[in-house]
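Everything below belongs to start-v5.cif, which stores mmCIF, C-alpha atoms.
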```cif
data_input
#
loop_
_atom_site.label_atom_id
_atom_site.label_comp_id
_atom_site.auth_asym_id
_atom_site.auth_seq_id
_atom_site.Cartn_x
_atom_site.Cartn_y
_atom_site.Cartn_z
CA MET N 1 23.43 -10.38 -17.83
CA GLN N 2 22.91 -6.72 -17.01
CA LYS N 3 21.32 -5.68 -20.26
CA PRO N 4 18.22 -7.91 -20.38
CA PHE N 5 17.38 -6.85 -16.84
CA ILE N 6 17.36 -3.19 -17.83
CA VAL N 7 15.23 -4.04 -20.84
CA LYS N 8 12.74 -5.78 -18.56
CA ILE N 9 12.57 -2.79 -16.22
CA LEU N 10 12.01 -0.51 -19.21
CA PHE N 11 9.23 -2.80 -20.39
CA VAL N 12 7.47 -2.59 -17.02
CA VAL N 13 7.83 1.21 -17.05
CA VAL N 14 6.35 1.44 -20.54
CA VAL N 15 3.44 -0.82 -19.62
CA LEU N 16 2.73 1.23 -16.50
CA LEU N 17 2.85 4.46 -18.47
CA GLY N 18 0.39 2.95 -20.90
CA PHE N 19 -1.98 2.00 -18.09
CA THR N 20 -1.82 5.42 -16.49
CA THR N 21 -2.61 7.21 -19.73
CA ALA N 22 -5.36 4.73 -20.55
CA TYR N 23 -6.95 5.44 -17.16
CA ALA N 24 -6.67 9.15 -17.79
CA GLN N 25 -8.28 8.84 -21.20
CA ASP N 26 -11.04 6.82 -19.63
CA VAL N 27 -11.74 9.59 -17.14
CA GLU N 28 -11.48 12.23 -19.84
CA GLU N 29 -14.13 10.50 -21.92
CA ASN N 30 -16.49 11.19 -19.06
CA LEU N 31 -15.43 14.73 -18.37
CA GLN N 32 -15.77 16.73 -21.53
CA THR N 33 -13.81 19.88 -20.80
CA HIS N 34 -15.20 23.39 -21.19
CA GLU N 35 -14.21 26.80 -19.93
CA LEU N 36 -14.31 26.72 -16.15
CA THR N 37 -17.01 28.57 -14.26
CA GLU N 38 -17.85 28.14 -10.59
CA GLN N 39 -20.92 26.08 -11.39
CA GLU N 40 -19.07 23.81 -13.73
CA ASP N 41 -16.26 23.44 -11.26
CA SER N 42 -18.49 21.87 -8.63
CA ASP N 43 -20.27 19.94 -11.36
CA LYS N 44 -16.97 18.47 -12.39
CA LYS N 45 -16.07 17.54 -8.84
CA SER N 46 -19.33 15.70 -8.27
CA LYS N 47 -18.92 14.02 -11.65
CA ILE N 48 -15.47 12.80 -10.72
CA GLN N 49 -16.83 11.50 -7.43
CA GLU N 50 -19.63 9.73 -9.24
CA TYR N 51 -17.17 8.24 -11.70
CA ILE N 52 -14.93 6.91 -8.91
CA ASN N 53 -17.89 5.49 -7.00
CA HIS N 54 -19.12 3.82 -10.15
CA HIS N 55 -15.72 2.31 -10.75
CA LEU N 56 -15.63 0.78 -7.26
CA LEU N 57 -18.97 -0.97 -7.71
CA ASP N 58 -19.74 -4.19 -9.48
CA SER N 59 -21.77 -3.92 -12.68
CA TYR N 60 -24.06 -6.04 -14.80
CA ASP N 61 -22.24 -5.32 -18.04
CA PHE N 62 -18.59 -5.20 -19.02
CA THR N 63 -18.01 -1.65 -20.23
CA PHE N 64 -14.49 -0.81 -21.37
CA PHE N 65 -15.15 2.89 -21.81
CA SER N 66 -18.17 5.07 -22.39
CA ASP N 67 -19.08 8.35 -24.02
CA GLU N 68 -21.73 9.83 -21.79
CA GLU N 69 -22.63 12.84 -23.94
CA ALA N 70 -23.32 10.66 -26.94
CA GLY N 71 -24.83 8.03 -24.62
CA LYS N 72 -22.61 5.33 -26.07
CA TYR N 73 -21.10 2.43 -24.16
CA TYR N 74 -18.35 0.24 -25.55
CA GLY N 75 -18.37 -3.22 -24.04
CA PHE N 76 -20.60 -6.25 -23.86
CA PRO N 77 -23.63 -7.20 -21.76
CA LEU N 78 -23.54 -10.09 -19.29
CA PRO N 79 -26.27 -12.55 -18.30
CA VAL N 80 -28.56 -11.62 -15.43
CA ILE N 81 -29.83 -14.55 -13.37
CA LEU N 82 -32.61 -13.80 -10.91
CA PHE N 83 -34.54 -16.10 -8.61
CA ASP N 84 -37.97 -14.58 -8.13
CA ASP N 85 -40.99 -16.87 -8.55
CA GLY N 86 -38.78 -19.22 -10.53
CA LEU N 87 -35.52 -18.81 -12.32
CA LYS N 88 -35.27 -15.88 -14.73
CA VAL N 89 -32.35 -15.51 -17.11
CA PHE N 90 -31.91 -12.60 -19.48
CA SER N 91 -29.23 -10.37 -20.94
CA SER N 92 -28.28 -7.19 -19.10
CA SER N 93 -28.65 -5.29 -22.42
CA LYS N 94 -32.38 -5.20 -21.54
CA PHE N 95 -31.59 -2.63 -18.83
CA ASN N 96 -29.91 -0.27 -21.30
CA HIS N 97 -27.54 0.85 -18.51
CA GLY N 98 -30.41 1.66 -16.19
CA GLU N 99 -32.39 3.71 -18.68
CA THR N 100 -35.19 1.27 -19.47
CA VAL N 101 -37.27 -1.26 -17.57
CA ALA N 102 -36.63 -4.91 -18.37
CA GLU N 103 -39.74 -7.05 -18.73
CA VAL N 104 -39.30 -10.77 -18.16
CA ASP N 105 -42.22 -13.23 -17.99
CA GLY N 106 -44.59 -10.55 -16.75
CA ASN N 107 -42.23 -9.17 -14.08
CA HIS N 108 -40.53 -5.80 -14.42
CA TYR N 109 -37.03 -5.04 -13.22
CA LYS N 110 -35.08 -1.83 -13.15
CA LEU N 111 -31.43 -1.11 -12.53
CA TYR N 112 -31.07 1.61 -9.90
CA HIS N 113 -27.68 2.59 -8.46
CA SER N 114 -26.16 -0.66 -9.74
CA LYS N 115 -28.80 -2.80 -7.99
CA ILE N 116 -31.77 -4.61 -9.49
CA TYR N 117 -35.22 -3.77 -8.10
CA GLU N 118 -38.62 -5.17 -8.94
CA THR N 119 -40.91 -2.39 -10.22
CA ASN N 120 -44.20 -1.83 -11.97
CA ALA N 121 -44.43 -1.49 -15.74
CA ALA N 122 -43.52 2.21 -15.59
CA GLY N 123 -40.38 1.46 -13.62
CA ASP N 124 -41.20 3.61 -10.58
CA ILE N 125 -38.83 3.47 -7.64
CA ASN N 126 -40.57 4.16 -4.30
CA TYR N 127 -38.92 5.60 -1.22
CA ASP N 128 -39.81 5.66 2.47
CA GLU N 129 -39.42 8.82 4.60
CA GLU N 130 -35.69 8.34 5.11
CA GLY N 131 -35.08 8.00 1.40
CA HIS N 132 -34.56 4.24 1.36
CA VAL N 133 -35.91 2.32 -1.60
CA THR N 134 -38.95 0.22 -0.67
CA ASN N 135 -39.11 -1.82 -3.87
CA ASP N 136 -38.54 -5.58 -3.59
CA LYS N 137 -35.14 -6.93 -4.46
CA PRO N 138 -35.10 -10.30 -6.23
CA LEU N 139 -32.52 -12.93 -5.27
CA ASP N 140 -29.60 -12.18 -7.54
CA PHE N 141 -27.21 -14.83 -8.92
CA SER N 142 -26.09 -12.81 -11.93
CA ILE N 143 -22.81 -13.31 -13.73
CA THR N 144 -21.57 -9.78 -13.05
CA LYS N 145 -18.34 -8.14 -14.13
CA ASN N 146 -16.58 -9.34 -10.97
CA VAL N 147 -17.80 -12.89 -11.45
CA VAL N 148 -16.59 -12.92 -15.05
CA THR N 149 -13.18 -11.66 -13.92
CA MET N 150 -12.95 -14.35 -11.27
CA PHE N 151 -13.85 -17.00 -13.84
CA LEU N 152 -11.16 -15.67 -16.17
CA VAL N 153 -8.53 -15.67 -13.42
CA SER N 154 -9.51 -19.21 -12.38
CA ILE N 155 -9.15 -20.47 -15.95
CA LEU N 156 -5.86 -18.62 -16.36
CA MET N 157 -4.54 -20.11 -13.11
CA PHE N 158 -5.68 -23.58 -14.13
CA PHE N 159 -3.74 -23.46 -17.38
CA LEU N 160 -0.65 -21.78 -15.90
CA PHE N 161 -0.28 -24.34 -13.15
CA ARG N 162 -1.17 -27.26 -15.44
CA THR N 163 1.78 -26.31 -17.63
CA LEU N 164 3.99 -26.00 -14.56
CA ALA N 165 2.94 -29.41 -13.27
CA LYS N 166 3.28 -31.01 -16.69
CA SER N 167 6.78 -29.65 -17.21
CA TYR N 168 7.99 -31.62 -14.19
CA LYS N 169 6.76 -34.81 -15.81
CA LYS N 170 8.37 -34.04 -19.13
CA ASN N 171 11.92 -33.10 -18.34
CA ARG N 172 12.06 -34.27 -14.76
CA SER N 173 13.61 -31.27 -13.05
CA ILE N 174 13.51 -27.83 -14.63
CA PRO N 175 10.26 -26.18 -15.72
CA LYS N 176 10.21 -24.13 -18.90
CA GLY N 177 8.62 -20.88 -19.94
CA VAL N 178 6.13 -19.42 -17.50
CA GLY N 179 6.89 -22.24 -15.04
CA ARG N 180 10.31 -20.70 -14.46
CA PHE N 181 8.54 -17.66 -13.10
CA LEU N 182 6.00 -19.56 -11.03
CA GLU N 183 8.26 -22.17 -9.46
CA PRO N 184 10.11 -19.80 -7.11
CA LEU N 185 6.81 -18.30 -6.02
CA VAL N 186 5.39 -21.72 -5.21
CA LEU N 187 8.55 -22.52 -3.29
CA PHE N 188 8.28 -19.17 -1.51
CA VAL N 189 4.75 -19.98 -0.34
CA ARG N 190 5.92 -23.38 0.86
CA ASP N 191 9.22 -22.43 2.53
CA GLU N 192 8.44 -18.96 3.84
CA ILE N 193 4.74 -19.14 4.59
CA ALA N 194 3.50 -22.70 5.10
CA ILE N 195 6.37 -24.53 6.83
CA PRO N 196 7.35 -21.88 9.41
CA ASN N 197 3.75 -21.27 10.44
CA ILE N 198 2.12 -24.68 10.24
CA GLY N 199 5.09 -26.97 10.80
CA GLU N 200 6.90 -29.66 8.83
CA LYS N 201 4.42 -32.41 9.65
CA LYS N 202 1.09 -30.93 8.71
CA TYR N 203 1.76 -28.22 6.14
CA LYS N 204 1.03 -30.45 3.14
CA LYS N 205 -2.70 -30.62 3.56
CA TYR N 206 -2.96 -26.81 3.58
CA MET N 207 -0.62 -26.14 0.67
CA SER N 208 -3.26 -26.36 -2.05
CA PHE N 209 -5.43 -23.77 -0.34
CA LEU N 210 -2.56 -21.43 0.47
CA LEU N 211 -1.20 -21.54 -3.08
CA THR N 212 -4.64 -21.01 -4.58
CA ILE N 213 -5.47 -18.07 -2.38
CA PHE N 214 -2.07 -16.45 -2.84
CA PHE N 215 -2.13 -16.51 -6.63
CA PHE N 216 -5.86 -15.80 -6.87
CA ILE N 217 -5.62 -12.64 -4.78
CA TRP N 218 -2.41 -11.56 -6.43
CA PHE N 219 -3.71 -11.98 -9.98
CA LEU N 220 -6.98 -10.23 -9.13
CA ASN N 221 -5.09 -7.34 -7.52
CA LEU N 222 -2.91 -7.01 -10.61
CA LEU N 223 -5.94 -7.13 -12.90
CA GLY N 224 -7.37 -4.26 -10.87
CA MET N 225 -4.37 -2.19 -11.98
CA THR N 226 -5.16 -2.62 -15.67
CA PRO N 227 -7.49 -0.27 -17.59
CA LEU N 228 -10.11 -3.03 -17.67
CA GLY N 229 -11.50 -1.26 -14.62
CA VAL N 230 -12.23 -4.33 -12.54
CA ASN N 231 -12.15 -4.01 -8.78
CA VAL N 232 -12.74 -7.55 -7.54
CA THR N 233 -10.62 -7.70 -4.38
CA GLY N 234 -11.99 -4.27 -3.48
CA ASN N 235 -15.44 -5.81 -3.21
CA ILE N 236 -16.36 -6.77 0.33
CA ALA N 237 -18.47 -9.74 -0.77
CA VAL N 238 -15.46 -11.31 -2.49
CA THR N 239 -13.13 -10.80 0.46
CA PHE N 240 -15.89 -12.08 2.75
CA GLY N 241 -16.00 -15.29 0.69
CA LEU N 242 -12.23 -15.72 0.86
CA ALA N 243 -12.10 -15.05 4.61
CA LEU N 244 -15.04 -17.42 5.16
CA ILE N 245 -13.09 -20.27 3.56
CA THR N 246 -10.14 -19.57 5.85
CA PHE N 247 -12.50 -19.52 8.84
CA LEU N 248 -14.16 -22.81 7.86
CA ILE N 249 -10.84 -24.58 7.28
CA THR N 250 -9.48 -23.31 10.60
CA THR N 251 -12.57 -24.40 12.48
CA PHE N 252 -12.96 -27.83 10.93
CA THR N 253 -9.31 -28.90 10.97
CA ALA N 254 -8.68 -27.66 14.52
CA ASN N 255 -7.45 -30.20 17.08
CA LYS N 256 -8.46 -30.36 20.71
CA ASN N 257 -5.65 -28.07 21.87
CA TYR N 258 -7.15 -25.27 19.81
CA TRP N 259 -10.55 -25.66 21.42
CA ALA N 260 -8.95 -25.97 24.85
CA HIS N 261 -7.20 -22.65 24.29
CA ILE N 262 -10.52 -21.06 23.49
CA PHE N 263 -12.84 -22.45 26.15
CA TRP N 264 -10.54 -23.54 28.97
CA MET N 265 -7.21 -21.76 28.66
CA PRO N 266 -4.55 -23.95 30.24
CA GLY N 267 -2.11 -22.45 32.72
CA VAL N 268 -4.18 -19.57 34.04
CA PRO N 269 -6.27 -19.33 37.24
CA LYS N 270 -9.79 -20.77 37.14
CA LEU N 271 -11.55 -17.42 37.40
CA MET N 272 -9.45 -16.03 34.58
CA ARG N 273 -10.47 -18.95 32.36
CA ILE N 274 -14.13 -17.96 32.64
CA VAL N 275 -13.29 -14.37 31.76
CA LEU N 276 -11.07 -15.38 28.86
CA ALA N 277 -13.49 -17.81 27.21
CA PRO N 278 -15.87 -15.21 25.71
CA ILE N 279 -12.94 -13.04 24.58
CA GLU N 280 -11.27 -15.98 22.85
CA LEU N 281 -14.57 -17.02 21.32
CA LEU N 282 -14.99 -13.53 19.91
CA GLY N 283 -11.40 -13.66 18.67
CA MET N 284 -12.30 -16.71 16.57
CA PHE N 285 -14.57 -14.48 14.47
CA ILE N 286 -12.50 -11.31 14.61
CA LYS N 287 -9.50 -13.00 12.98
CA PRO N 288 -11.19 -13.81 9.64
CA PHE N 289 -13.15 -10.55 9.90
CA SER N 290 -9.91 -8.57 9.98
CA LEU N 291 -8.67 -10.55 6.96
CA MET N 292 -11.79 -9.51 5.09
CA ILE N 293 -11.60 -5.82 6.05
CA ARG N 294 -7.87 -5.53 5.44
CA LEU N 295 -7.91 -6.76 1.85
CA TYR N 296 -11.09 -4.88 0.98
CA ALA N 297 -10.01 -1.59 2.52
CA ASN N 298 -6.51 -1.71 1.09
CA MET N 299 -7.63 -2.32 -2.46
CA THR N 300 -10.52 0.14 -2.29
CA ALA N 301 -8.31 2.85 -0.79
CA GLY N 302 -5.66 2.22 -3.45
CA HIS N 303 -8.17 2.57 -6.27
CA VAL N 304 -9.76 5.71 -4.81
CA VAL N 305 -6.44 7.48 -4.26
CA LEU N 306 -5.08 6.52 -7.67
CA MET N 307 -8.21 7.65 -9.50
CA SER N 308 -8.47 10.88 -7.48
CA ILE N 309 -4.90 11.80 -8.35
CA ILE N 310 -5.55 11.11 -12.02
CA ALA N 311 -8.71 13.22 -11.77
CA LEU N 312 -6.60 16.16 -10.52
CA MET N 313 -5.57 16.63 -14.14
CA PHE N 314 -9.10 17.64 -15.03
CA ILE N 315 -9.41 20.00 -12.09
CA PHE N 316 -6.10 21.85 -12.54
CA LYS N 317 -6.10 21.84 -16.34
CA SER N 318 -2.62 23.34 -16.54
CA TRP N 319 0.75 22.02 -17.61
CA LEU N 320 2.08 22.12 -14.08
CA GLY N 321 -0.91 20.41 -12.45
CA SER N 322 -1.20 17.75 -15.10
CA SER N 323 2.48 16.83 -15.01
CA LEU N 324 2.35 16.70 -11.23
CA SER N 325 -0.73 14.51 -11.33
CA PHE N 326 0.83 12.25 -13.93
CA GLY N 327 4.04 11.87 -11.95
CA LEU N 328 2.17 11.15 -8.73
CA ALA N 329 -0.13 8.65 -10.44
CA PHE N 330 2.87 6.89 -11.96
CA GLY N 331 4.64 6.66 -8.61
CA LEU N 332 1.50 5.47 -6.94
CA ALA N 333 0.93 2.84 -9.63
CA ILE N 334 4.33 1.35 -8.78
CA LEU N 335 3.45 1.43 -5.09
CA GLU N 336 0.16 -0.30 -5.87
CA LEU N 337 2.04 -3.08 -7.67
CA LEU N 338 3.92 -3.65 -4.43
CA VAL N 339 0.69 -3.49 -2.39
CA ALA N 340 -0.96 -6.01 -4.74
CA ALA N 341 1.73 -8.58 -3.93
CA LEU N 342 1.97 -7.56 -0.27
CA GLN N 343 -1.75 -7.99 0.39
CA ALA N 344 -1.78 -11.42 -1.26
CA TYR N 345 1.23 -12.34 0.89
CA ILE N 346 -0.33 -11.06 4.11
CA PHE N 347 -3.65 -12.78 3.49
CA THR N 348 -1.86 -16.08 2.85
CA MET N 349 0.53 -15.55 5.73
CA LEU N 350 -2.20 -14.85 8.29
CA SER N 351 -4.29 -17.76 6.97
CA ALA N 352 -1.27 -20.03 7.48
CA LEU N 353 -0.79 -18.57 10.95
CA TYR N 354 -4.39 -19.40 11.88
CA PHE N 355 -4.05 -22.92 10.48
CA GLY N 356 -0.90 -23.27 12.54
CA MET N 357 -2.77 -22.21 15.69
CA ALA N 358 -5.47 -24.75 14.94
CA ASN N 359 -2.87 -27.50 14.72
CA GLU N 360 -0.64 -26.70 17.65
CA GLU N 361 0.63 -29.66 19.65
CA SER N 362 0.32 -29.50 23.41
CA HIS N 363 3.40 -28.15 25.13
CA MET K 1 -21.39 20.08 20.09
CA GLU K 2 -20.86 17.24 17.74
CA ILE K 3 -17.32 16.45 16.72
CA PRO K 4 -17.10 15.87 12.97
CA THR K 5 -16.16 12.33 11.97
CA ILE K 6 -13.30 13.66 9.87
CA VAL K 7 -11.52 14.56 13.12
CA GLY K 8 -11.91 10.95 14.24
CA ALA K 9 -10.48 9.77 10.93
CA GLY K 10 -7.51 12.09 11.42
CA LEU K 11 -6.90 10.75 14.93
CA ILE K 12 -7.02 7.18 13.63
CA VAL K 13 -4.48 7.97 10.93
CA ILE K 14 -2.17 9.60 13.49
CA GLY K 15 -2.41 6.56 15.75
CA ALA K 16 -1.92 4.01 13.02
CA GLY K 17 0.88 6.03 11.48
CA LEU K 18 2.73 6.25 14.80
CA GLY K 19 2.27 2.51 15.35
CA ILE K 20 3.42 1.40 11.93
CA GLY K 21 6.23 3.94 11.95
CA ARG K 22 7.52 2.54 15.21
CA ILE K 23 7.33 -1.03 13.92
CA GLY K 24 9.21 -0.06 10.77
CA GLY K 25 11.84 1.90 12.67
CA GLN K 26 12.47 -0.82 15.20
CA ALA K 27 12.66 -3.43 12.47
CA MET K 28 15.27 -1.32 10.64
CA GLU K 29 17.28 -1.10 13.83
CA ALA K 30 16.98 -4.83 14.41
CA ILE K 31 18.11 -5.57 10.85
CA ALA K 32 21.06 -3.21 11.26
CA ARG K 33 22.07 -5.07 14.41
CA GLN K 34 21.57 -8.53 12.98
CA PRO K 35 21.54 -8.46 9.19
CA GLU K 36 21.51 -12.27 8.98
CA ALA K 37 18.07 -12.37 10.68
CA SER K 38 16.55 -9.85 8.26
CA GLY K 39 14.18 -12.39 6.68
CA LYS K 40 12.57 -13.34 9.98
CA ILE K 41 12.41 -9.73 11.15
CA GLN K 42 10.72 -8.66 7.94
CA THR K 43 8.05 -11.35 8.28
CA ALA K 44 7.32 -10.43 11.87
CA MET K 45 7.28 -6.76 10.96
CA LEU K 46 4.79 -7.27 8.16
CA ILE K 47 2.46 -9.29 10.36
CA ALA K 48 2.50 -6.70 13.12
CA ALA K 49 2.01 -3.88 10.62
CA ALA K 50 -0.89 -5.75 9.01
CA LEU K 51 -2.59 -6.23 12.38
CA ILE K 52 -2.35 -2.52 13.20
CA GLU K 53 -3.54 -1.66 9.72
CA GLY K 54 -6.54 -3.95 10.16
CA ILE K 55 -7.57 -2.19 13.37
CA GLY K 56 -6.97 1.18 11.72
CA PHE K 57 -9.24 0.33 8.83
CA ALA K 58 -11.93 -1.07 11.09
CA ALA K 59 -11.91 2.24 13.03
CA LEU K 60 -11.92 4.25 9.80
CA PHE K 61 -15.06 2.48 8.70
CA ALA K 62 -16.68 3.18 12.04
CA ALA K 63 -15.73 6.87 11.80
#
```
Before anything else, please render the file you have as structure tokens.
Amino acid sequence: MQKPFIVKILFVVVVLLGFTTAYAQDVEENLQTHELTEQEDSDKKSKIQEYINHHLLDSYDFTFFSDEEAGKYYGFPLPVILFDDGLKVFSSSKFNHGETVAEVDGNHYKLYHSKIYETNAAGDINYDEEGHVTNDKPLDFSITKNVVTMFLVSILMFFLFRTLAKSYKKNRSIPKGVGRFLEPLVLFVRDEIAIPNIGEKKYKKYMSFLLTIFFFIWFLNLLGMTPLGVNVTGNIAVTFGLALITFLITTFTANKNYWAHIFWMPGVPKLMRIVLAPIELLGMFIKPFSLMIRLYANMTAGHVVLMSIIALMFIFKSWLGSSLSFGLAFGLAILELLVAALQAYIFTMLSALYFGMANEESH
Amino acid sequence: MEIPTIVGAGLIVIGAGLGIGRIGGQAMEAIARQPEASGKIQTAMLIAAALIEGIGFAALFAA
């Protein structure tokens, strides 16, 4: 009994070590090391900053790693879908990672700081006095790196939970294989999150959403830890979408007690009710807003800290500094694994709490 | 004189750290007193910590 457990722990450790070194190699590819001078030192720092910023952003192509000095990128381009005088679909390889102007049906587009702008044939980017870009931005529905990752996770989840559901049909009680791992988690969401917060009677109609959001966020957070370099839950648009769904479900499944608590709080003096109404109304929007900010900020902060600590290796360039950086990064990677699960749990938990508020019986 | 935003960020971290530290400490104490209620205490602790964290992050973005 004891032995397989130790083997599993060792496996996790080895995988984590692999990820940490893969990250480090990835950074190293971008920071060819020379003898340090003052100029190069600050150069290196700004390069590291640029690299981290680039990692946090979404991109139009899926690059696994790149060799900047040779100008080579290893990965594959993704489709760009723009809506600008009609639908325009083309491959992101036309941008050549921002180096060339893409010409599509007479319109010219250029990639500038990871955003697509409409330009003239020469690809000029114009600025106003404050340094903002004045070029037009087309409506963008591109399948970006983040979108591809979300598709992948959705498909993965579909097949994982299909096998879990099927296994109940087949041998009636005990799931096999990956289902053994998922069943306790599903039960955890039901017994620890849904029932205590929403109540025995009404929890069933929210279960599908809570399960989906729990596993979706968790899997995306875990994918963010791999050297694939995806940062989906650290993208505010994604967390906005997730929080918006929670907000819509809360608002549209709310009963009259919920609305009474917002506009005409029972059990307090009349004057107080008038004062409370705008505060409660504001609270309706602040709740999902805090969901959005919390997930986004946690994942972004995690990625920034982890990558900065790995980058210390290239600043110290000594045995002591590198070992320290490696040890710290390894410890932090384990902490991030915990945070990945914790953030998924908290998002689901608070969503369930809000659904519970929307369904409270009068008392 | 303008106060640099980094000072504000530091103040936020102090405040949030004190808040979450207190929640964690009190939860530990509560679990030590009533180990059988540890599950419920943990849940409540996490929710409270998450709420403080949310406010902390919101302020950090403003800073």
For chain K against chain N, which residues fall within 9 Å using all atoms listed in the file, given as a CSV table (one decimal) with C-alpha atoms, in the frame of the given file?
```csv
chain,number,residue,atom,x,y,z
K,43,THR,CA,8.0,-11.4,8.3
K,46,LEU,CA,4.8,-7.3,8.2
K,47,ILE,CA,2.5,-9.3,10.4
K,50,ALA,CA,-0.9,-5.8,9.0
K,51,LEU,CA,-2.6,-6.2,12.4
K,53,GLU,CA,-3.5,-1.7,9.7
K,54,GLY,CA,-6.5,-4.0,10.2
K,55,ILE,CA,-7.6,-2.2,13.4
K,57,PHE,CA,-9.2,0.3,8.8
K,58,ALA,CA,-11.9,-1.1,11.1
K,61,PHE,CA,-15.1,2.5,8.7
```
May I ask for the distance between CA of Phe216 (chain N) and CA of Thr246 (chain N), given in Å to one decimal place?
->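 Between CA of Phe216 (chain N) and CA of Thr246 (chain N) the gap works out to 13.9 Å.
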If we count all atoms listed in the file, what is near Leu139 (chain N) at a cut-off of 8 Å, once residues fewer than 2 positions away on the same chain are taken out, given as JSON, numbers by chain?
-> {"N": [82, 83, 84, 137, 141]}
Taking all atoms of region 20-31 of chain K that appear in the file, build a box with edges along x, y and z, extend it by 3 Å on every side, and state its centre and edge lengths in Å to one decimal, as JSON.
```
{"center_x": 10.8, "center_y": -0.8, "center_z": 12.9, "size_x": 20.7, "size_y": 15.5, "size_z": 10.6}
```
Which residues fall under the PyMOL selection byres ((chain N and resi 211) around 12) in this file, as a ChimeraX atom specification?
-> /N:157,161,182-183,185-191,193-194,203-210,212-218,344-345,347-349,351-352
Name the residues in contact with Gly25 (chain K) at a cut-off of 12 Å, using all atoms listed in the file, excluding same-chain residues fewer than 5 positions from it; report them as a list in words.
->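 Listing them by chain and then by number gives Gly17, Leu18, Gly19, Ile20, Ala30, Ile31, Ala32, Ile41, Gln42, Met45 and Ala49 of chain K.
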How many Å separate CA of Ser142 (chain N) from CA of Ala340 (chain N)?
->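 Computed distance, CA of Ser142 (chain N) to CA of Ala340 (chain N), equals 27.0 Å.
What separates CA of Leu271 (chain N) from CA of Ile52 (chain K) is a distance of 29.9 Å.
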